[in-house]
Amino acid sequence: MAAHGRRRDLAVLRSAGATRAQLMRTALAETAVVAVAGVLLGLAVTIPPLAGVASGLSEATGTAVTLHLDPATPAAAAAACLGPALLSTAVVTWRTTRPSGEGNVS
């Protein structure tokens, strides 16, 4: 959707000599940065409450309760966010930068 909204910007870059591949790499890099920032922010807001719950349970039960987060879980969540984001960016950017003779809707 961001690429569709930036249609004029992409057209200016194309007229300045940027190739479709360069525009695609730029759009994918922007999407990856935003998605990774979202994943990191998600972890930053999730881990402190989980540590608090573990601490509260430890106090309430009198047993040692520690926070254990398997790295595969956040990695899978990150992939589940990043994959569709990159795929949708690629599709929209490819369609938006398509030459007008290929059915591009203006």
# chains A, B, ... in the order shown; residues from 1 in each chain; ligands from 1
call {"tool": "residues_around", "arguments": {"residues": "region 26-43 of chain A", "least_positions_apart": "2", "cutoff": "7 Å", "atoms": "only C-alpha atoms", "output": "mmCIF file with C-alpha atoms, in the first residue's frame"}}
result
data_model
loop_
_atom_site.group_PDB
_atom_site.id
_atom_site.type_symbol
_atom_site.label_atom_id
_atom_site.label_comp_id
_atom_site.auth_asym_id
_atom_site.auth_seq_id
_atom_site.Cartn_x
_atom_site.Cartn_y
_atom_site.Cartn_z
ATOM 1 C CA GLN A 22 16.507 -0.744 -7.596
ATOM 2 C CA LEU A 23 13.058 0.511 -6.609
ATOM 3 C CA MET A 24 12.130 -2.983 -5.474
ATOM 4 C CA VAL A 45 6.932 -4.155 25.565
ATOM 5 C CA THR A 46 6.385 -7.858 26.145
ATOM 6 C CA ILE A 47 9.432 -9.021 28.093
ATOM 7 C CA ALA A 78 9.284 -12.214 13.463
ATOM 8 C CA CYS A 81 5.445 -10.646 10.421
ATOM 9 C CA LEU A 82 8.325 -10.077 8.031
ATOM 10 C CA ALA A 85 5.122 -7.717 4.766
ATOM 11 C CA LEU A 86 7.937 -8.307 2.273
ATOM 12 C CA THR A 89 5.566 -4.904 -0.650
ATOM 13 C CA ALA A 90 7.139 -6.809 -3.530
#
call {"tool": "residues_around", "arguments": {"residues": "Val53 (chain A)", "least_positions_apart": "5", "cutoff": "9 Å", "atoms": "only C-alpha atoms", "output": "VMD selection string"}}
result
chain A and resid 48 58 67
call {"tool": "select_by_dssp", "arguments": {"residues": "chain A", "states": "helix (DSSP H, G or I)", "output": "VMD selection string"}}
result
chain A and resid 2 to 5 7 to 15 20 to 61 72 to 96 100 to 102
call {"tool": "closest_residue", "arguments": {"among": "A:Gly83, A:Ala44, A:Thr93, A:Pro99", "to": "Arg6 (chain A)", "atoms": "only C-alpha atoms"}}
result
A:Thr93
call {"tool": "atom_distance", "arguments": {"atom1": "CA of Arg20 (chain A)", "atom2": "CA of Thr97 (chain A)"}}
result
6.4 Å
call {"tool": "atom_distance", "arguments": {"atom1": "CA of Ala79 (chain A)", "atom2": "CA of Asp9 (chain A)"}}
result
29.0 Å
call {"tool": "atom_distance", "arguments": {"atom1": "CA of Pro84 (chain A)", "atom2": "CA of Arg98 (chain A)"}}
result
21.1 Å
call {"tool": "residues_around", "arguments": {"residues": "Ala51 (chain A)", "least_positions_apart": "5", "cutoff": "10 Å", "atoms": "only C-alpha atoms", "output": "list in words"}}
result
Thr46, Gly56, Leu57, Val65, Thr66, Leu67 and His68 of chain A
